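File shown: target_36.txt. Contents: compact mmCIF, C-alpha atoms.
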# COMPACT_ATOMS: atom_id res chain seq x y z
CA MET A 253 -16.39 -11.65 3.39
CA GLU A 254 -15.18 -11.94 6.94
CA TYR A 255 -13.70 -8.50 7.52
CA ARG A 256 -11.63 -9.41 10.59
CA LYS A 257 -10.06 -12.38 8.85
CA VAL A 258 -9.09 -10.24 5.86
CA VAL A 259 -7.57 -7.58 8.14
CA GLU A 260 -5.59 -10.20 10.04
CA TYR A 261 -4.40 -11.79 6.79
CA LEU A 262 -3.19 -8.44 5.48
CA LYS A 263 -1.49 -7.54 8.77
CA SER A 264 0.39 -10.82 8.87
CA TYR A 265 0.98 -11.18 5.11
CA SER A 266 4.34 -12.76 4.34
CA LEU A 267 5.82 -15.61 2.40
CA ASP A 268 6.25 -18.82 4.32
CA GLU A 269 9.97 -18.54 3.81
CA SER A 270 12.43 -15.66 3.88
CA PRO A 271 12.79 -13.02 2.49
CA TYR A 272 9.76 -10.89 3.28
CA ASP A 273 7.64 -10.26 0.16
CA ALA A 274 7.67 -6.45 0.06
CA ASN A 275 6.72 -6.50 -3.63
CA GLY A 276 3.61 -8.55 -2.90
CA ALA A 277 2.62 -6.35 0.06
CA ILE A 278 3.07 -3.18 -1.98
CA HIS A 279 0.88 -4.60 -4.75
CA LEU A 280 -1.80 -5.49 -2.18
CA LEU A 281 -1.61 -1.88 -0.93
CA LYS A 282 -1.90 -0.66 -4.51
CA ALA A 283 -5.05 -2.76 -4.99
CA ILE A 284 -6.58 -1.27 -1.85
CA ILE A 285 -5.67 2.26 -2.97
CA GLU A 286 -7.23 1.63 -6.38
CA ASN A 287 -10.38 0.36 -4.65
CA LEU A 288 -10.55 3.55 -2.57
CA GLN A 289 -9.97 5.73 -5.63
CA GLU A 290 -12.86 4.04 -7.41
CA HIS A 291 -15.40 3.98 -4.59
CA HIS A 292 -14.70 6.66 -1.96
CA ILE A 293 -16.30 10.02 -1.45
CA ASP A 294 -14.24 12.79 0.11
CA HIS A 295 -16.31 12.64 3.28
CA ASP A 296 -15.12 9.03 3.75
CA LEU A 297 -11.50 10.17 3.77
CA GLU A 298 -12.31 13.01 6.15
CA GLN A 299 -14.16 10.73 8.52
CA TYR A 300 -12.03 7.57 8.47
CA ALA A 301 -8.43 8.63 7.75
CA ALA A 302 -7.97 9.27 11.47
CA CYS A 303 -7.49 5.51 11.87
CA PHE A 304 -3.91 6.10 10.72
CA ASP A 305 -1.73 6.86 13.72
CA ALA A 306 1.39 9.04 13.59
CA LYS A 307 3.58 6.02 12.84
CA ASN A 308 1.35 5.07 9.88
CA GLU A 309 1.37 8.65 8.64
CA LEU A 310 5.17 8.81 8.72
CA PHE A 311 5.37 5.53 6.79
CA ILE A 312 2.91 6.80 4.15
CA LYS A 313 5.02 9.95 3.76
CA LYS A 314 8.14 7.79 3.45
CA LEU A 315 6.44 5.64 0.81
CA LEU A 316 5.48 8.77 -1.15
CA THR A 317 9.12 9.93 -1.20
CA TYR A 318 10.20 6.58 -2.67
CA ILE A 319 7.63 6.46 -5.49
CA PRO A 320 9.57 8.75 -7.90
CA ILE A 321 12.87 7.08 -6.96
CA SER A 322 11.41 3.65 -7.69
CA ARG A 323 10.02 4.85 -11.02
CA GLU A 324 13.46 6.08 -12.05
CA ILE A 325 15.00 2.73 -11.14
CA GLU A 326 12.32 0.93 -13.17
CA ILE A 327 12.88 3.23 -16.16
CA GLN A 328 16.63 2.66 -15.95
CA GLU A 329 16.23 -1.11 -15.68
CA ASN A 330 13.91 -1.15 -18.71
CA PHE A 331 16.32 1.07 -20.62
CA ASP A 332 19.25 -1.25 -19.83
CA ASP A 333 17.37 -4.31 -21.14
This structure in structure tokens:
Amino acid sequence: MEYRKVVEYLKSYSLDESPYDANGAIHLLKAIIENLQEHHIDHDLEQYAACFDAKNELFIKKLLTYIPISREIEIQENFDD
């Protein structure tokens, strides 16, 4: 695997046409999180989480606030079907 190419792909991920594929990007993030859950040790998080700058940290916090809201919307949509 060519690490730099993967990083660049993920940074520039988008559909060729509009609109932006937020669903796809979120599922890629989910896959990365699941990989970390499976393979990390706590020392890894302690040592490497500093790569997230303040802007990244704020976005992660924002994402965390939307998870329960999104679950409720999904439950409601499934209930309405």
Set up a box along x, y and z of the file covering all listed atoms of stretch 284-300 of chain A, add 4 Å on every one of the six sides, and write the centre and edge lengths in Å to one decimal, as JSON.
{"center_x": -11.0, "center_y": 5.9, "center_z": 0.6, "size_x": 18.6, "size_y": 22.3, "size_z": 23.9}
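Within the 10 Å cut-off around A:Ala277, using only C-alpha atoms and omitting residues fewer than 4 positions from it on the same chain, the listed residues are Leu262, Lys263, Tyr265, Ser266, Tyr272, Asp273, Leu281, Lys282 and Ala283 of chain A.
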Once you have the residues from the selection above, write them out as a short mmCIF file (atom, residue, chain, number, x, y, z; two decimals), keeping the file's coordinate frame, restricted to C-alpha atoms.
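Once everything was written out, this is selection_13.cif:
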data_model
loop_
_atom_site.label_atom_id
_atom_site.label_comp_id
_atom_site.auth_asym_id
_atom_site.auth_seq_id
_atom_site.Cartn_x
_atom_site.Cartn_y
_atom_site.Cartn_z
CA LEU A 262 -3.19 -8.44 5.48
CA LYS A 263 -1.49 -7.54 8.77
CA TYR A 265 0.98 -11.18 5.11
CA SER A 266 4.34 -12.76 4.34
CA TYR A 272 9.76 -10.89 3.28
CA ASP A 273 7.64 -10.26 0.16
CA LEU A 281 -1.61 -1.88 -0.93
CA LYS A 282 -1.90 -0.66 -4.51
CA ALA A 283 -5.05 -2.76 -4.99
#
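Using all atoms listed in the file, the shortest contact distance between A:Ile278 and any of A:Ile319, A:Glu324, A:Glu329, A:Ala301 is found at A:Ile319.
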* Quick one: pull the distance between atom CA of A:Leu280 and atom CA of A:Tyr261, Å, one decimal. => 11.3 Å
Got a moment to write stretch 274-291 of chain A out with N, CA and C atoms, as a tab-separated table (two decimals), in the first residue's frame?
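Output file selection.tsv follows:
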chain	number	residue	atom	x	y	z
A	274	ALA	N	-21.29	12.96	1.31
A	274	ALA	CA	-21.04	12.91	2.76
A	274	ALA	C	-21.27	11.51	3.30
A	275	ASN	N	-22.29	10.81	2.80
A	275	ASN	CA	-22.58	9.46	3.26
A	275	ASN	C	-21.38	8.54	3.01
A	276	GLY	N	-20.82	8.61	1.83
A	276	GLY	CA	-19.65	7.79	1.52
A	276	GLY	C	-18.46	8.14	2.40
A	277	ALA	N	-18.20	9.43	2.60
A	277	ALA	CA	-17.08	9.86	3.43
A	277	ALA	C	-17.27	9.41	4.88
A	278	ILE	N	-18.49	9.51	5.39
A	278	ILE	CA	-18.75	9.08	6.76
A	278	ILE	C	-18.54	7.57	6.90
A	279	HIS	N	-18.93	6.81	5.88
A	279	HIS	CA	-18.72	5.36	5.95
A	279	HIS	C	-17.23	4.99	5.83
A	280	LEU	N	-16.46	5.78	5.08
A	280	LEU	CA	-15.01	5.57	5.07
A	280	LEU	C	-14.43	5.87	6.45
A	281	LEU	N	-14.88	6.94	7.09
A	281	LEU	CA	-14.44	7.27	8.45
A	281	LEU	C	-14.80	6.14	9.41
A	282	LYS	N	-16.00	5.61	9.27
A	282	LYS	CA	-16.45	4.51	10.12
A	282	LYS	C	-15.52	3.30	9.95
A	283	ALA	N	-15.13	3.00	8.72
A	283	ALA	CA	-14.23	1.87	8.47
A	283	ALA	C	-12.88	2.09	9.15
A	284	ILE	N	-12.39	3.31	9.09
A	284	ILE	CA	-11.11	3.63	9.74
A	284	ILE	C	-11.24	3.52	11.25
A	285	ILE	N	-12.34	4.01	11.81
A	285	ILE	CA	-12.57	3.91	13.25
A	285	ILE	C	-12.65	2.44	13.67
A	286	GLU	N	-13.35	1.62	12.90
A	286	GLU	CA	-13.45	0.20	13.23
A	286	GLU	C	-12.08	-0.47	13.17
A	287	ASN	N	-11.24	-0.06	12.21
A	287	ASN	CA	-9.89	-0.58	12.13
A	287	ASN	C	-9.10	-0.22	13.38
A	288	LEU	N	-9.20	1.03	13.81
A	288	LEU	CA	-8.51	1.46	15.03
A	288	LEU	C	-9.02	0.71	16.26
A	289	GLN	N	-10.33	0.53	16.35
A	289	GLN	CA	-10.90	-0.20	17.49
A	289	GLN	C	-10.33	-1.61	17.57
A	290	GLU	N	-10.16	-2.23	16.43
A	290	GLU	CA	-9.70	-3.62	16.38
A	290	GLU	C	-8.21	-3.75	16.67
A	291	HIS	N	-7.40	-2.78	16.27
A	291	HIS	CA	-5.96	-2.98	16.27
A	291	HIS	C	-5.14	-2.07	17.18
